[in-house]
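Asks: See structure-v7.pdb below, with PDB, C-alpha atoms and all ligand atoms.
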```
ATOM      1  CA  THR A 309     -17.641  76.622  19.554
ATOM      2  CA  LYS A 310     -21.055  77.825  18.464
ATOM      3  CA  MET A 311     -24.371  76.087  18.882
ATOM      4  CA  LEU A 312     -27.837  76.554  17.477
ATOM      5  CA  PHE A 313     -30.418  77.306  20.185
ATOM      6  CA  ASN A 314     -33.884  77.618  18.674
ATOM      7  CA  ASP A 315     -33.285  80.089  15.852
ATOM      8  CA  GLN A 316     -30.047  81.614  17.114
ATOM      9  CA  ILE A 317     -26.421  80.755  16.520
ATOM     10  CA  MET A 318     -24.622  81.555  19.775
ATOM     11  CA  ASP A 319     -21.687  80.542  21.933
ATOM     12  CA  ARG A 320     -22.058  77.047  23.286
ATOM     13  CA  GLU A 321     -23.448  77.055  26.798
ATOM     14  CA  ASN A 322     -25.955  75.027  28.738
ATOM     15  CA  LEU A 323     -29.341  76.623  28.316
ATOM     16  CA  ILE A 324     -31.441  73.539  28.914
ATOM     17  CA  ASP A 325     -34.017  73.723  31.699
ATOM     18  CA  ILE A 326     -34.429  70.812  34.139
ATOM     19  CA  GLU A 327     -37.998  70.510  32.908
ATOM     20  CA  ASP A 328     -37.060  70.202  29.264
ATOM     21  CA  ARG A 329     -39.044  67.155  28.137
ATOM     22  CA  ALA A 330     -36.055  65.728  26.310
ATOM     23  CA  TYR A 331     -34.195  65.654  29.606
ATOM     24  CA  GLN A 332     -37.014  64.176  31.675
ATOM     25  CA  PHE A 333     -38.825  61.889  29.238
ATOM     26  CA  GLY A 334     -36.561  61.536  26.211
ATOM     27  CA  ASP A 335     -39.522  63.281  24.565
ATOM     28  CA  GLY A 336     -37.927  64.468  21.369
ATOM     29  CA  ILE A 337     -36.260  63.480  18.143
ATOM     30  CA  TYR A 338     -32.783  63.851  16.684
ATOM     31  CA  GLU A 339     -30.485  63.498  13.701
ATOM     32  CA  VAL A 340     -26.753  62.961  13.278
ATOM     33  CA  ILE A 341     -25.366  64.228   9.966
ATOM     34  CA  GLY A 342     -21.871  63.539   8.656
ATOM     35  CA  VAL A 343     -19.738  66.448   7.427
ATOM     36  CA  TYR A 344     -17.000  65.761   4.873
ATOM     37  CA  ASP A 345     -14.682  68.554   3.689
ATOM     38  CA  GLY A 346     -17.055  71.108   5.155
ATOM     39  CA  THR A 347     -20.132  69.701   3.421
ATOM     40  CA  PRO A 348     -22.945  67.835   5.182
ATOM     41  CA  LEU A 349     -23.637  64.560   3.368
ATOM     42  CA  MET A 350     -27.253  63.811   2.392
ATOM     43  CA  LEU A 351     -28.576  66.739   4.428
ATOM     44  CA  ASP A 352     -31.944  66.764   2.624
ATOM     45  CA  GLU A 353     -32.507  63.103   3.455
ATOM     46  CA  HIS A 354     -31.691  63.701   7.135
ATOM     47  CA  MET A 355     -34.031  66.700   7.305
ATOM     48  CA  GLU A 356     -36.837  64.749   5.646
ATOM     49  CA  ARG A 357     -36.382  61.954   8.174
ATOM     50  CA  LEU A 358     -36.461  64.512  11.018
ATOM     51  CA  GLU A 359     -39.763  65.791   9.668
ATOM     52  CA  ARG A 360     -41.136  62.252   9.514
ATOM     53  CA  SER A 361     -40.009  61.512  13.087
ATOM     54  CA  ALA A 362     -41.688  64.752  14.214
ATOM     55  CA  ASP A 363     -44.951  63.767  12.524
ATOM     56  CA  GLU A 364     -44.889  60.286  14.035
ATOM     57  CA  VAL A 365     -44.636  61.646  17.603
ATOM     58  CA  GLN A 366     -46.982  64.594  16.912
ATOM     59  CA  LEU A 367     -44.291  67.163  17.488
ATOM     60  CA  LYS A 368     -44.619  70.338  15.458
ATOM     61  CA  LEU A 369     -41.254  71.468  14.126
ATOM     62  CA  PRO A 370     -40.635  75.139  14.952
ATOM     63  CA  ALA A 371     -39.493  75.929  11.419
ATOM     64  CA  SER A 372     -39.639  74.460   7.943
ATOM     65  CA  ILE A 373     -36.975  71.910   7.121
ATOM     66  CA  ASN A 374     -35.555  74.385   4.627
ATOM     67  CA  GLU A 375     -35.138  76.998   7.334
ATOM     68  CA  LEU A 376     -33.558  74.398   9.628
ATOM     69  CA  LYS A 377     -31.199  73.384   6.842
ATOM     70  CA  VAL A 378     -30.056  76.973   6.369
ATOM     71  CA  LYS A 379     -29.370  77.235  10.124
ATOM     72  CA  LEU A 380     -27.335  74.041  10.157
ATOM     73  CA  LEU A 381     -25.223  75.236   7.235
ATOM     74  CA  GLU A 382     -24.687  78.513   9.089
ATOM     75  CA  LEU A 383     -23.586  76.546  12.158
ATOM     76  CA  VAL A 384     -21.103  74.444  10.172
ATOM     77  CA  ALA A 385     -19.642  77.645   8.708
ATOM     78  CA  ALA A 386     -19.532  79.417  12.098
ATOM     79  CA  ASN A 387     -17.596  76.474  13.576
ATOM     80  CA  LYS A 388     -15.425  76.116  10.476
ATOM     81  CA  LEU A 389     -16.168  72.404  10.682
ATOM     82  CA  ASN A 390     -14.289  70.455   8.066
ATOM     83  CA  GLU A 391     -14.638  66.845   9.163
ATOM     84  CA  GLY A 392     -17.132  65.607  11.736
ATOM     85  CA  ILE A 393     -20.795  65.567  12.576
ATOM     86  CA  ILE A 394     -23.737  67.832  13.217
ATOM     87  CA  TYR A 395     -25.962  66.712  16.080
ATOM     88  CA  MET A 396     -29.442  68.185  16.159
ATOM     89  CA  GLN A 397     -32.376  67.501  18.439
ATOM     90  CA  VAL A 398     -35.837  68.902  18.905
ATOM     91  CA  SER A 399     -37.595  68.339  22.214
ATOM     92  CA  ARG A 400     -41.277  68.875  22.864
ATOM     93  CA  GLY A 401     -40.323  71.834  25.007
ATOM     94  CA  THR A 402     -40.037  72.997  28.591
ATOM     95  CA  SER A 403     -43.041  72.827  30.876
ATOM     96  CA  PRO A 404     -44.019  71.550  34.374
ATOM     97  CA  ARG A 405     -43.469  67.807  34.516
ATOM     98  CA  TRP A 406     -46.592  65.888  33.548
ATOM     99  CA  HIS A 407     -46.460  62.957  31.172
ATOM    100  CA  GLU A 408     -49.070  64.223  28.711
ATOM    101  CA  PHE A 409     -48.232  66.825  26.061
ATOM    102  CA  PRO A 410     -47.951  70.395  27.333
ATOM    103  CA  GLY A 411     -50.291  73.098  26.031
ATOM    104  CA  LEU A 412     -50.000  74.454  22.522
ATOM    105  CA  ASP A 413     -48.294  77.590  23.861
ATOM    106  CA  VAL A 414     -45.200  75.529  24.721
ATOM    107  CA  MET A 415     -42.682  75.753  21.895
ATOM    108  CA  PRO A 416     -40.320  72.920  20.973
ATOM    109  CA  VAL A 417     -36.674  73.438  21.923
ATOM    110  CA  THR A 418     -34.219  72.973  19.064
ATOM    111  CA  VAL A 419     -30.519  72.552  19.703
ATOM    112  CA  ALA A 420     -27.657  71.687  17.398
ATOM    113  CA  TYR A 421     -23.903  71.627  17.696
ATOM    114  CA  THR A 422     -21.012  70.216  15.738
ATOM    115  CA  ARG A 423     -18.163  67.931  16.683
ATOM    116  CA  GLU A 424     -14.904  67.304  14.904
ATOM    117  CA  GLU A 425     -14.376  63.644  14.158
ATOM    118  CA  GLU A 426     -11.783  61.892  12.086
ATOM    119  CA  ARG A 427     -12.821  59.502   9.368
ATOM    120  CA  MET A 428     -12.769  55.896  10.537
ATOM    121  CA  SER A 429     -10.837  54.777   7.450
ATOM    122  CA  ASP A 430      -8.756  52.171   9.319
ATOM    123  CA  VAL A 431     -11.749  50.343  10.770
ATOM    124  CA  GLU A 432     -13.514  50.625   7.429
ATOM    125  CA  ASP A 433     -10.579  48.981   5.690
ATOM    126  CA  GLN A 434      -9.702  46.409   8.318
ATOM    127  CA  GLY A 435     -13.073  45.527   9.758
ATOM    128  CA  ALA A 436     -14.039  44.939  13.374
ATOM    129  CA  ASN A 437     -15.887  42.596  15.696
ATOM    130  CA  ALA A 438     -19.462  42.660  16.948
ATOM    131  CA  VAL A 439     -21.478  40.997  19.681
ATOM    132  CA  LEU A 440     -24.996  39.642  19.429
ATOM    133  CA  THR A 441     -27.604  40.750  21.930
ATOM    134  CA  GLU A 442     -31.361  40.745  22.301
ATOM    135  CA  ASP A 443     -33.339  43.628  20.855
ATOM    136  CA  ILE A 444     -35.295  44.863  23.871
ATOM    137  CA  ARG A 445     -36.511  48.116  22.282
ATOM    138  CA  TRP A 446     -40.082  49.265  21.720
ATOM    139  CA  LEU A 447     -42.055  48.605  18.533
ATOM    140  CA  ARG A 448     -41.468  51.976  16.851
ATOM    141  CA  CYS A 449     -37.760  51.756  16.127
ATOM    142  CA  ASP A 450     -38.459  53.548  12.819
ATOM    143  CA  ILE A 451     -38.701  56.843  14.729
ATOM    144  CA  LYS A 452     -35.384  58.502  15.573
ATOM    145  CA  THR A 453     -36.306  59.419  19.144
ATOM    146  CA  LEU A 454     -34.129  60.387  22.093
ATOM    147  CA  ASN A 455     -35.143  57.260  24.016
ATOM    148  CA  LEU A 456     -31.884  55.372  23.591
ATOM    149  CA  LEU A 457     -31.375  53.453  26.834
ATOM    150  CA  PRO A 458     -31.681  49.987  25.226
ATOM    151  CA  ASN A 459     -29.220  51.111  22.544
ATOM    152  CA  VAL A 460     -26.863  52.442  25.228
ATOM    153  CA  LEU A 461     -26.957  49.125  27.120
ATOM    154  CA  ALA A 462     -26.321  47.155  23.927
ATOM    155  CA  LYS A 463     -23.390  49.349  22.858
ATOM    156  CA  GLN A 464     -21.875  49.124  26.324
ATOM    157  CA  LYS A 465     -21.943  45.345  26.063
ATOM    158  CA  ALA A 466     -20.129  45.617  22.720
ATOM    159  CA  VAL A 467     -17.433  47.892  24.120
ATOM    160  CA  GLU A 468     -16.903  45.658  27.164
ATOM    161  CA  ASN A 469     -16.209  42.839  24.717
ATOM    162  CA  ASN A 470     -13.813  44.829  22.519
ATOM    163  CA  ALA A 471     -16.368  45.036  19.746
ATOM    164  CA  VAL A 472     -17.538  48.044  17.727
ATOM    165  CA  GLU A 473     -21.192  47.144  17.643
ATOM    166  CA  ALA A 474     -23.947  45.072  19.160
ATOM    167  CA  ILE A 475     -26.078  43.331  16.543
ATOM    168  CA  LEU A 476     -29.664  42.981  17.751
ATOM    169  CA  HIS A 477     -32.097  40.099  17.309
ATOM    170  CA  ARG A 478     -35.787  39.784  18.140
ATOM    171  CA  GLY A 479     -36.301  36.081  18.648
ATOM    172  CA  ASP A 480     -34.735  34.443  15.588
ATOM    173  CA  THR A 481     -34.768  37.570  13.472
ATOM    174  CA  VAL A 482     -31.817  39.943  13.140
ATOM    175  CA  THR A 483     -33.134  43.500  13.164
ATOM    176  CA  GLU A 484     -30.260  46.024  13.119
ATOM    177  CA  ALA A 485     -27.489  47.104  15.498
ATOM    178  CA  SER A 486     -27.382  49.493  18.466
ATOM    179  CA  ALA A 487     -26.574  52.506  16.268
ATOM    180  CA  SER A 488     -26.327  51.108  12.735
ATOM    181  CA  ASN A 489     -28.037  48.913  10.154
ATOM    182  CA  VAL A 490     -26.803  45.429   9.276
ATOM    183  CA  PHE A 491     -26.316  43.799   5.859
ATOM    184  CA  ILE A 492     -25.264  40.230   5.155
ATOM    185  CA  VAL A 493     -23.972  38.704   1.922
ATOM    186  CA  LYS A 494     -24.746  35.101   0.956
ATOM    187  CA  ASP A 495     -23.905  33.526  -2.409
ATOM    188  CA  GLY A 496     -23.406  36.910  -4.048
ATOM    189  CA  GLU A 497     -26.677  38.475  -2.853
ATOM    190  CA  LEU A 498     -27.239  40.932  -0.028
ATOM    191  CA  TYR A 499     -29.901  40.769   2.642
ATOM    192  CA  THR A 500     -31.044  43.473   5.035
ATOM    193  CA  HIS A 501     -34.058  43.834   7.322
ATOM    194  CA  PRO A 502     -36.969  45.593   5.558
ATOM    195  CA  ALA A 503     -37.609  49.201   6.540
ATOM    196  CA  ASN A 504     -40.548  48.762   8.876
ATOM    197  CA  ASN A 505     -41.273  49.555  12.534
ATOM    198  CA  TYR A 506     -38.535  47.198  13.788
ATOM    199  CA  ILE A 507     -35.592  49.242  12.466
ATOM    200  CA  LEU A 508     -34.464  52.767  11.790
ATOM    201  CA  ASN A 509     -34.301  53.250   8.034
ATOM    202  CA  GLY A 510     -30.746  54.557   7.929
ATOM    203  CA  ILE A 511     -29.743  57.224   5.449
ATOM    204  CA  THR A 512     -26.524  55.243   4.910
ATOM    205  CA  ARG A 513     -28.610  52.066   4.443
ATOM    206  CA  ARG A 514     -30.647  53.776   1.726
ATOM    207  CA  LYS A 515     -27.494  54.965  -0.016
ATOM    208  CA  VAL A 516     -26.046  51.431   0.101
ATOM    209  CA  LEU A 517     -29.244  50.137  -1.551
ATOM    210  CA  GLN A 518     -28.732  52.687  -4.372
ATOM    211  CA  ILE A 519     -25.062  51.781  -4.714
ATOM    212  CA  CYS A 520     -25.902  48.064  -4.964
ATOM    213  CA  ASP A 521     -28.480  48.865  -7.604
ATOM    214  CA  ASP A 522     -25.853  50.790  -9.597
ATOM    215  CA  LEU A 523     -23.397  47.893  -9.195
ATOM    216  CA  ASN A 524     -26.059  45.364 -10.261
ATOM    217  CA  LEU A 525     -25.854  43.636  -6.895
ATOM    218  CA  LYS A 526     -29.098  42.081  -5.746
ATOM    219  CA  VAL A 527     -30.309  43.221  -2.320
ATOM    220  CA  ASN A 528     -33.163  41.391  -0.651
ATOM    221  CA  GLU A 529     -34.955  43.619   1.834
ATOM    222  CA  LYS A 530     -36.027  40.544   3.746
ATOM    223  CA  THR A 531     -35.589  39.371   7.307
ATOM    224  CA  TYR A 532     -32.926  36.757   7.999
ATOM    225  CA  THR A 533     -32.214  34.649  11.059
ATOM    226  CA  VAL A 534     -29.417  34.590  13.600
ATOM    227  CA  THR A 535     -28.225  31.294  12.071
ATOM    228  CA  GLU A 536     -28.097  32.931   8.630
ATOM    229  CA  LEU A 537     -26.125  35.817  10.125
ATOM    230  CA  PHE A 538     -23.464  33.467  11.485
ATOM    231  CA  LYS A 539     -23.353  31.503   8.214
ATOM    232  CA  ALA A 540     -23.090  34.604   6.030
ATOM    233  CA  ASP A 541     -20.154  35.023   3.641
ATOM    234  CA  GLU A 542     -19.860  38.692   4.628
ATOM    235  CA  VAL A 543     -21.466  41.004   7.183
ATOM    236  CA  PHE A 544     -21.237  44.786   7.336
ATOM    237  CA  ILE A 545     -22.870  47.586   9.263
ATOM    238  CA  THR A 546     -23.817  51.060   8.050
ATOM    239  CA  ALA A 547     -24.279  54.374   9.868
ATOM    240  CA  THR A 548     -23.581  58.058   9.577
ATOM    241  CA  LYS A 549     -19.889  58.914   9.759
ATOM    242  CA  SER A 550     -18.665  55.399  10.525
ATOM    243  CA  ASP A 551     -20.117  54.686   7.037
ATOM    244  CA  ILE A 552     -19.565  51.002   6.271
ATOM    245  CA  ILE A 553     -17.680  48.684   8.635
ATOM    246  CA  PRO A 554     -16.968  45.045   7.706
ATOM    247  CA  ILE A 555     -17.759  42.680  10.589
ATOM    248  CA  LEU A 556     -15.205  39.889  10.875
ATOM    249  CA  LYS A 557     -16.337  38.123  14.015
ATOM    250  CA  ILE A 558     -19.565  38.023  16.018
ATOM    251  CA  ASP A 559     -19.180  36.812  19.616
ATOM    252  CA  ASP A 560     -16.554  34.097  19.122
ATOM    253  CA  LYS A 561     -17.648  33.052  15.626
ATOM    254  CA  ILE A 562     -15.645  34.080  12.581
ATOM    255  CA  ILE A 563     -17.700  35.354   9.637
ATOM    256  CA  GLY A 564     -16.756  34.029   6.189
ATOM    257  CA  SER A 565     -13.020  34.251   5.588
ATOM    258  CA  GLY A 566     -12.512  36.448   8.662
ATOM    259  CA  LYS A 567     -11.445  39.305   6.367
ATOM    260  CA  PRO A 568     -13.432  42.118   4.742
ATOM    261  CA  GLY A 569     -15.317  40.495   1.838
ATOM    262  CA  GLU A 570     -15.116  41.423  -1.836
ATOM    263  CA  ILE A 571     -18.670  42.733  -2.089
ATOM    264  CA  THR A 572     -18.284  44.753   1.096
ATOM    265  CA  LYS A 573     -15.081  46.291  -0.262
ATOM    266  CA  LYS A 574     -16.804  47.281  -3.506
ATOM    267  CA  VAL A 575     -19.617  48.971  -1.599
ATOM    268  CA  VAL A 576     -17.114  50.798   0.649
ATOM    269  CA  GLN A 577     -15.231  52.031  -2.409
ATOM    270  CA  GLU A 578     -18.414  53.337  -4.066
ATOM    271  CA  PHE A 579     -19.556  54.986  -0.864
ATOM    272  CA  ARG A 580     -16.244  56.812  -0.511
ATOM    273  CA  SER A 581     -16.565  58.202  -4.014
ATOM    274  CA  LEU A 582     -19.558  60.197  -2.722
ATOM    275  CA  TYR A 583     -17.290  62.504  -0.782
ATOM    276  CA  GLN A 584     -13.777  62.067  -2.167
TER
HETATM  277  N1  LIG B 601     -27.371  56.330  14.703
HETATM  278  N2  LIG B 601     -30.080  52.238  13.433
HETATM  279  C1  LIG B 601     -29.989  52.902  14.591
HETATM  280  C2  LIG B 601     -30.662  52.349  15.788
HETATM  281  C3  LIG B 601     -29.267  54.114  14.649
HETATM  282  O1  LIG B 601     -29.188  54.788  15.809
HETATM  283  C4  LIG B 601     -28.613  54.598  13.484
HETATM  284  C5  LIG B 601     -27.826  55.874  13.474
HETATM  285  C6  LIG B 601     -28.731  53.849  12.296
HETATM  286  C7  LIG B 601     -28.086  54.300  11.011
HETATM  287  O2  LIG B 601     -28.752  55.415  10.457
HETATM  288  P1  LIG B 601     -27.990  56.483   9.561
HETATM  289  O3  LIG B 601     -27.355  55.739   8.445
HETATM  290  O4  LIG B 601     -29.072  57.388   9.094
HETATM  291  O5  LIG B 601     -26.986  57.167  10.436
HETATM  292  C8  LIG B 601     -29.479  52.689  12.315
HETATM  293  C9  LIG B 601     -26.738  57.610  14.810
HETATM  294  C10 LIG B 601     -25.528  57.776  13.954
HETATM  295  C11 LIG B 601     -26.491  57.901  16.284
HETATM  296  O6  LIG B 601     -27.420  57.684  17.044
HETATM  297  O7  LIG B 601     -25.402  58.363  16.650
END
```
I'd like the structure from this file rewritten - as C-alpha cells, please.
Replies:
Amino acid sequence: TKMLFNDQIMDRENLIDIEDRAYQFGDGIYEVIGVYDGTPLMLDEHMERLERSADEVQLKLPASINELKVKLLELVAANKLNEGIIYMQVSRGTSPRWHEFPGLDVMPVTVAYTREEERMSDVEDQGANAVLTEDIRWLRCDIKTLNLLPNVLAKQKAVENNAVEAILHRGDTVTEASASNVFIVKDGELYTHPANNYILNGITRRKVLQICDDLNLKVNEKTYTVTELFKADEVFITATKSDIIPILKIDDKIIGSGKPGEITKKVVQEFRSLYQ
C-alpha cells in the first residue's frame, strides 16, 4: 500500500530515523479518521483538532490543513480504501537527542497510512463489557499526543478481562476511556464529562451531542461519579470507527437491564444515518 511521507505519496516503507522525536519522546500529535464507502467522515473536524493539538504543543504544521486534507484524500484514493481508517501523525522532527525543541531548521515529519477495517456492527448492536481503572495520565488529555503509554496499559487490562474498553476515573470522577469518550444515561438524560483538560474532546462525542440535540435529548456536559456510572440506566462509549458501543457490564456489575438501552439505540441509529 501507499503512505504519505511529508508531502509525497509513496510505497509504504520504513523511513523513520532512530532520532525521530516521535520515536524517542512521543513528541508529536496524531489523528485517526474513519473512512466509510471511500469517504473520510468529519475530515474537517479532525484536521481542525490536529491544528489545535499542534498549537498546544508549539509544533508548526508543515502545511496548511487544507493542503494536508488534499494529501489524505489522495492517499485514500491511491490505496482504493473503501472501509477503514486513516492514521496520520506529525512529529517534531529528526534531530540529535536532547529533550528541548530542536532548532527552527528542523522540519516536522508527517506520516500517514490507511488500514482496512470492517465496521464493528455486531458489537455496536450487541454491546460489550468494560473494566474500570484509574486515570493515571497527565493533565493535558485534551491534546491528541503520541504519549499513549497510560492508555496502552489501561486497554491491556481491558483485553485481559475480555472487555472492549477501560473506563478511567480520577478519584471519584469518571473522565473518559482509554481510547474513547463515555456517556451515561439516567432518568432519560445523558451525562458526559465536560470538554476540558481531563479528556480528549472526541469528534464522535461532538457528533453525539449534535444528534442528541436534534433528537431533543438533554445532555449534561457535567462530571459524574463512579457510583453514578454503576447506577446508570445506560452507558455507551464513542470513538472513531468503533462509533458507539453500548456497555452492558463494568467489572462484574451489570449496567441497567444488561442490554443495549433505548436511548443508546436511538443514538446509534442516527449516527449510522451519517454514512449509510
Ligand atoms: N482514539 N479519548 C481518547 C483518549 C481517545 O484516544 C479517543 C480516540 C477518543 C475519541 O475521539 P474520536 O471520537 O475523535 O475518535 C477519546 C483514537 C481512535 C485512537 O487513538 O485510536
Asks: Extract, using all atoms listed in the file, all DNA, RNA and protein residues at most 12 Å from stretch 429-432 of chain A, discarding same-chain residues fewer than 4 positions from it, and format them as a list of chain:residue names.
Replies: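 Listed by chain and then number, they are A:Glu425, A:Ala436, A:Asn437, A:Ala471, A:Val472, A:Phe544, A:Ile545, A:Thr546, A:Ala547, A:Lys549, A:Ser550, A:Asp551, A:Ile552, A:Ile553, A:Pro554, A:Ile555, A:Leu556, A:Lys567, A:Pro568, A:Gly569, A:Thr572, A:Lys573, A:Lys574, A:Val575, A:Val576, A:Gln577, A:Phe579, A:Arg580.
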Asks: Dump the neighbourhood of ligand LIG 601 (chain B) as a list of chain:residue names: all residues within 6 Å, distances computed on all atoms listed in the file.
Replies: A:Val340, A:Ser486, A:Ala487, A:Ser488, A:Asn489, A:Leu508, A:Gly510, A:Ile511, A:Thr512, A:Arg513, A:Thr546, A:Ala547, A:Thr548
Asks: Write out as an MDAnalysis selection string the residues lying within 9 Å of A:Pro370, counting only C-alpha atoms and excluding same-chain residues fewer than 2 positions away.
Replies: chainID A and resid 314:315 368 372 376 398 415:418
Asks: May I ask for the distance between atom CA of A:Asp328 and atom CA of A:Ile507, given in Å to one decimal place?
Replies: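 Separation between atom CA of A:Asp328 and atom CA of A:Ile507: 26.9 Å.
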Asks: Give me, please, the distance in Å between atom CA of A:Ile492 and atom CA of A:Ile563, quoted to one decimal.
Replies: 10.1 Å
Asks: Between atom CA of A:Arg405 and atom CA of A:Asp325, what is the spacing in Å?
Replies: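 If I compute the distance from atom CA of A:Asp325 to atom CA of A:Arg405, I get 11.5 Å.
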Asks: Taking 2 positions as the minimum chain separation for residues in the same chain, which residues sit within 9 Å of A:Tyr583 when counting all atoms listed in the file? Answer as a list in words.
Replies: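 My list of contacting residues is Tyr344, Asp345, Thr347, Leu349, Phe579, Arg580 and Ser581 of chain A.
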Asks: Can you pull out the residues contacting stretch 524-536 of chain A? Cut-off 9 Å, using only C-alpha atoms, and skip same-chain residues under 2 positions away; I want them as a tab-separated table (two decimals) with C-alpha atoms, keeping the file's coordinate frame.
Replies:
```tsv
chain	number	residue	atom	x	y	z
A	440	LEU	CA	-25.00	39.64	19.43
A	477	HIS	CA	-32.10	40.10	17.31
A	479	GLY	CA	-36.30	36.08	18.65
A	480	ASP	CA	-34.74	34.44	15.59
A	481	THR	CA	-34.77	37.57	13.47
A	482	VAL	CA	-31.82	39.94	13.14
A	483	THR	CA	-33.13	43.50	13.16
A	492	ILE	CA	-25.26	40.23	5.16
A	493	VAL	CA	-23.97	38.70	1.92
A	494	LYS	CA	-24.75	35.10	0.96
A	496	GLY	CA	-23.41	36.91	-4.05
A	497	GLU	CA	-26.68	38.48	-2.85
A	498	LEU	CA	-27.24	40.93	-0.03
A	499	TYR	CA	-29.90	40.77	2.64
A	500	THR	CA	-31.04	43.47	5.04
A	501	HIS	CA	-34.06	43.83	7.32
A	502	PRO	CA	-36.97	45.59	5.56
A	503	ALA	CA	-37.61	49.20	6.54
A	517	LEU	CA	-29.24	50.14	-1.55
A	519	ILE	CA	-25.06	51.78	-4.71
A	520	CYS	CA	-25.90	48.06	-4.96
A	521	ASP	CA	-28.48	48.86	-7.60
A	522	ASP	CA	-25.85	50.79	-9.60
A	538	PHE	CA	-23.46	33.47	11.48
A	539	LYS	CA	-23.35	31.50	8.21
A	540	ALA	CA	-23.09	34.60	6.03
A	571	ILE	CA	-18.67	42.73	-2.09
```
Asks: Determine the nearest neighbour of A:Asp559 from the options A:Val414, A:Val343, A:Ile324, A:Leu537, counting only C-alpha atoms.
Replies: A:Leu537
Asks: Since I can't run it myself right now, could you work out what the PyMOL selection byres (((chain A and resi 448-460) around 7) and not hetatm) selects here and report it as a list in words?
Replies: Gly334, Asp335, Gly336, Ile337, Tyr338, Ser361, Ile444, Arg445, Trp446, Leu447, Leu461, Ala462, Lys463, Gln464, Ser486, Ala487, Asn504, Asn505, Tyr506, Ile507, Leu508 and Asn509 of chain A
